[in-house]
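Student: Pasting in a structure now, in structure tokens, and then I'll have a few things to ask.
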Amino acid sequence: MTLIDKLKCWLHLTPNCDPSLVVRNIAYFSGSEAHVNNKLDIFLPAARANSELTAVDQDKSRRRQIPVIVHVHGGGWVRGSRISEGRGGPTVGRTCAQEGFIGVVVSYRLARISLISYLAWSLIFGLIIIIIGIGLLSWQLIVGYFAFMIAAYGYNFFYQVRKPVNIDHMMDDIARALVYIRDHINEHCSHADPNQIFLSGHSAGSHLISLLVLDKSHLQRHHFSLASIQGVIATSGIYSLTNPTHDSENNIRNWIFRILYSSNLIYPKGKTAKDYSPIEYIKEDDDIPPFLVMSARFDMGLEVDGKRFYERFQTCRQSAEYYVVSGTHGNIASNFSKNDARKHFFEFIRQHTTH
């Protein structure tokens with residue numbers, strides 16, 4: 001542990017007790033298109049020193065194949081990472097290890113914020129700054145804010161840190177992470193079972209994992225078998241890109257969501273938002289792993305989409321469960337270790353684990 005890590009623990013900026021073994025910054029792809037975000041962290045369950053177990057029980061425990069839970073963070077497709085506590089990835093990974101599973105938290109390439117989204121967010125925060133500036137009689141604060149926002153967008157737009165990223169790039173990254181896990185997870189844990197993978201995602205990450213499983217072309221492109229995925233846990237996700245917060249596409253809430261979030265997405269030529277909406281791919285008699293869908297009580301309106309997503313599974317006679325968890329869109333992930341999402345999450349996994 002570095003001095004900075006110790007300081008963070010002392011200031012309670014990061015959890016000061018982590019009983020799992022964490023293998024960080026593993027590059028899951030190293031091809032010509034490799035990106036700095038093509039990395040994952042693995043949270044391994046700590047060795048249990050329980051003297052009450054008999055020698056036979058200890059031997060069974062050592063021989064038990066351990067399912068792998070792969071979590072994909074949210075962030076509106078433009079922000080967040082696997083190491084961000086606020087996005088919940090490390091919390092999910094640690095909790096999986098504490099429950100006796102292997103947790104893998106994945107980063108992926110992010111889209112660049114669109115001009116319309118950037119202007120909308122600038123206006124929202126700008127109004128707050130204007131009110132504060134007027135109250136403090138400080139025009140310098142107002143001018144400084146807008147100068148900073150213009151400079152920040154210029155940096156984002158002109159500084160070529162990465163090529164423009166579309167949804168297929170994100171899907172490729174997650175599929176490549178799964179291929180790495182299939183081929184290499186036993187190098188990190190000999191008891192890992194790459195044939196028992198559970199996918200988990202929050203917000204934009206929930207959209208990506210749902211699309212990955214339901215639109216099978218993405219996994220097929222990387223020669224990854226859907227049979228290895230035993231279940232999908234979709235938390236506070238977006239399943240209908242055109243109308244996630246209301247049944248009518250022209251409802252004001254959907255317009256706001258599209259301006260602030262969906263406008264950041266770039267679609268490959270000839271494709272539309274409907275082509276990347278997971279709900280469009282739920283079909284009767286199709287081979288779909290069981291889904292657990294969870295929404296927060298206050299979920300930015302996305303609880304509408306969560307319930308609609310679950311009902312589509314029911315209509316098509318596919319296996320799915322749905323729960324509403326107390327809290328907000330953000331803390332359903334960041335407080336995962338303490339809220340009811342944890343209970344539903346691991347009950348679902350244990351129910352669908354094959355021993």
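Residues in the structure tokens are numbered from 1 in each chain, the chains being A, B, ... in the order shown, and ligands are numbered from 1 in the order shown.
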Quick one: everything within 9 Å of Val324 (chain A), counting only C-alpha atoms, minus sequence neighbours fewer than 5 positions away in the same chain. Send it as a list of chain:residue names.
Tutor: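 Counting only the stated atoms, we get A:Val293, A:Met294, A:Ser295, A:Ala296, A:Arg297, A:Glu303, A:Ala341.
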Student: Need the shell around Asp299 (chain A): protein/DNA/RNA residues with any atom at most 12 Å away, counting only C-alpha atoms. Skip same-chain ones fewer than 3 positions apart. Format as number ranges by chain?
Tutor: A: 202-203, 235-238, 244-245, 294-296, 302-307, 324-333
Student: Taking the backbone alone, and naming residues the way the document does, which bits of region 156-351 of chain A are helix (DSSP H, G or I) by DSSP, as a ChimeraX atom specification?
Tutor: /A:156-158,167-188,204-214,217-221,226-228,252-260,262-264,273-276,278-281,303-315,331-334,340-351
Student: Would you list the contacts of Ser262 (chain A) as a CSV table (one decimal) with N, CA, C and O atoms, in the first residue's frame, taking every protein, DNA or RNA residue within 8 Å and counting only C-alpha atoms, but skipping same-chain residues closer than 3 positions in sequence?
Tutor:
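Result written to result00.csv:
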```csv
chain,number,residue,atom,x,y,z
A,76,GLY,N,-23.4,7.5,-17.8
A,76,GLY,CA,-23.9,8.1,-19.0
A,76,GLY,C,-23.1,7.9,-20.2
A,76,GLY,O,-23.2,8.7,-21.1
A,241,LEU,N,-33.7,3.3,-25.7
A,241,LEU,CA,-32.9,4.6,-25.8
A,241,LEU,C,-33.8,5.8,-26.3
A,241,LEU,O,-33.5,6.9,-26.0
A,257,PHE,N,-33.8,13.6,-21.3
A,257,PHE,CA,-32.9,12.5,-21.1
A,257,PHE,C,-32.1,12.4,-22.4
A,257,PHE,O,-30.8,12.2,-22.4
A,258,ARG,N,-32.7,12.6,-23.6
A,258,ARG,CA,-32.0,12.4,-24.8
A,258,ARG,C,-30.9,13.6,-25.0
A,258,ARG,O,-29.8,13.3,-25.5
A,259,ILE,N,-31.3,14.8,-24.6
A,259,ILE,CA,-30.4,15.9,-24.7
A,259,ILE,C,-29.2,15.7,-23.7
A,259,ILE,O,-28.0,15.9,-24.1
A,265,LEU,N,-24.2,9.5,-27.6
A,265,LEU,CA,-24.0,8.2,-28.3
A,265,LEU,C,-23.8,8.4,-29.8
A,265,LEU,O,-24.6,9.1,-30.4
```
Student: Find the residue from A:Ile113, A:Ile229, A:Val23, A:Leu212 that sits nearest to Phe198 (chain A); use only C-alpha atoms when measuring.
Tutor: A:Ile229
Student: Need the shell around Ala177 (chain A): protein/DNA/RNA residues with any atom at most 8 Å away, counting only C-alpha atoms. Skip same-chain ones fewer than 2 positions apart. Format as a ChimeraX atom specification?
Tutor: /A:28-29,38,40,106,173-175,179-181
Student: Those same residues - N, CA, C and O atoms - I'd like them written as a CSV table (one decimal), in the first residue's frame.
Tutor:
```csv
chain,number,residue,atom,x,y,z
A,28,TYR,N,-7.0,-6.4,-20.6
A,28,TYR,CA,-7.7,-7.5,-21.2
A,28,TYR,C,-7.6,-7.5,-22.7
A,28,TYR,O,-8.1,-8.5,-23.3
A,29,PHE,N,-7.0,-6.5,-23.3
A,29,PHE,CA,-6.9,-6.4,-24.7
A,29,PHE,C,-5.6,-5.7,-25.1
A,29,PHE,O,-5.4,-4.6,-24.5
A,38,ASN,N,-8.9,-0.3,-21.5
A,38,ASN,CA,-9.1,-1.7,-21.7
A,38,ASN,C,-8.4,-2.5,-20.6
A,38,ASN,O,-7.5,-3.3,-20.8
A,40,LEU,N,-9.1,-4.3,-16.4
A,40,LEU,CA,-10.1,-4.8,-15.4
A,40,LEU,C,-9.4,-5.0,-14.1
A,40,LEU,O,-8.1,-5.2,-14.0
A,106,VAL,N,-14.9,-4.0,-14.8
A,106,VAL,CA,-14.3,-3.7,-16.1
A,106,VAL,C,-14.5,-2.2,-16.5
A,106,VAL,O,-15.5,-1.6,-16.2
A,173,ASP,N,-15.4,-3.9,-26.3
A,173,ASP,CA,-14.5,-3.9,-25.1
A,173,ASP,C,-15.0,-4.9,-24.1
A,173,ASP,O,-14.3,-5.6,-23.5
A,174,ILE,N,-16.3,-4.9,-23.8
A,174,ILE,CA,-16.9,-5.8,-22.8
A,174,ILE,C,-16.8,-7.2,-23.3
A,174,ILE,O,-16.5,-8.1,-22.5
A,175,ALA,N,-17.0,-7.4,-24.6
A,175,ALA,CA,-16.9,-8.8,-25.1
A,175,ALA,C,-15.4,-9.3,-25.0
A,175,ALA,O,-15.2,-10.4,-24.6
A,179,VAL,N,-13.8,-12.5,-23.0
A,179,VAL,CA,-12.9,-13.5,-23.7
A,179,VAL,C,-11.6,-13.6,-22.8
A,179,VAL,O,-11.2,-14.8,-22.6
A,180,TYR,N,-11.1,-12.5,-22.3
A,180,TYR,CA,-10.0,-12.6,-21.4
A,180,TYR,C,-10.3,-13.4,-20.1
A,180,TYR,O,-9.5,-14.3,-19.7
A,181,ILE,N,-11.4,-13.2,-19.6
A,181,ILE,CA,-11.8,-13.9,-18.4
A,181,ILE,C,-12.0,-15.4,-18.7
A,181,ILE,O,-11.5,-16.3,-17.9
```
Student: Just the residues within 12 Å of Val72 (chain A), please, counting only C-alpha atoms, with nothing from its chain fewer than 3 positions along; format it as a PyMOL selection string.
Tutor: chain A and resi 39-41+69+75+77+80-84+87-90+92-93+103-109+170-171+173-175+177-178+198-210+212+232-235+237+333
Student: For the structure I just gave you, how does DSSP split region 59-112 of chain A - specifically, which residues are strand (DSSP E)? Reply as an MDAnalysis selection string.
Tutor: chainID A and resid 66:72 102:106
Student: Which is closest to Pro45 (chain A) among A:Tyr310, A:Phe101, A:Tyr145, A:Tyr281, if we use only C-alpha atoms?
Tutor: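 Selected residue with least distance to Pro45 (chain A): A:Phe101.
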Student: Counting only C-alpha atoms, what is within 9 Å of Phe346 (chain A), bar same-chain residues fewer than 4 positions away, as a PyMOL selection string?
Tutor: chain A and resi 96+99+341-342+350-351
Student: Output C-alpha atoms of each residue in that selection to a file, as a PDB file, in the first residue's frame.
Tutor:
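What landed in selection_37.pdb:
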```pdb
ATOM      1  CA  CYS A  96     -18.663 -10.254  -4.364  1.00  0.00           C
ATOM      2  CA  GLU A  99     -19.690 -13.311  -0.356  1.00  0.00           C
ATOM      3  CA  ALA A 341     -29.845  -4.609  -3.829  1.00  0.00           C
ATOM      4  CA  ARG A 342     -27.129  -6.754  -2.252  1.00  0.00           C
ATOM      5  CA  ARG A 350     -27.019 -18.545  -5.711  1.00  0.00           C
ATOM      6  CA  GLN A 351     -30.338 -19.567  -7.228  1.00  0.00           C
TER       7      GLN A 351
END
```
Student: Need to verify the contact set: Pro278 (chain A), 8 Å, only C-alpha atoms, exclusion of same-chain residues closer than 4 positions in sequence. Can you return it as number ranges by chain?
Tutor: A: 207, 210-211, 214-215, 239-240, 282
Student: For Arg94 (chain A), which residue among A:Ile129, A:Leu119, A:Ile150, A:Ile42 is the nearest when counting only C-alpha atoms?
Tutor: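 Selected residue with least distance to Arg94 (chain A): A:Ile42.
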Student: Of the candidates A:Gln98, A:Asp172, A:Gly126, A:Val70, which one gets nearest to Ala34 (chain A) if we count only C-alpha atoms?
Tutor: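 Ranking A:Gln98, A:Asp172, A:Gly126, A:Val70 by distance to Ala34 (chain A), first place goes to A:Asp172.
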Student: Record the distance separating CA of His352 (chain A) and CA of Gln196 (chain A), expressed in Å with one decimal.
Tutor: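 Between CA of His352 (chain A) and CA of Gln196 (chain A) the gap works out to 9.4 Å.
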Student: Quick check, in Å to one decimal: how far apart do CA of Ile102 (chain A) and CA of Asp168 (chain A) lie?
Tutor: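 Between these atoms lies a distance of 27.0 Å.
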Student: If you measure from CA of Ile167 (chain A) to CA of His35 (chain A), what distance in Å do you get, rounded to one decimal?
Tutor: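 Result for CA of Ile167 (chain A) versus CA of His35 (chain A): 15.0 Å, one decimal.
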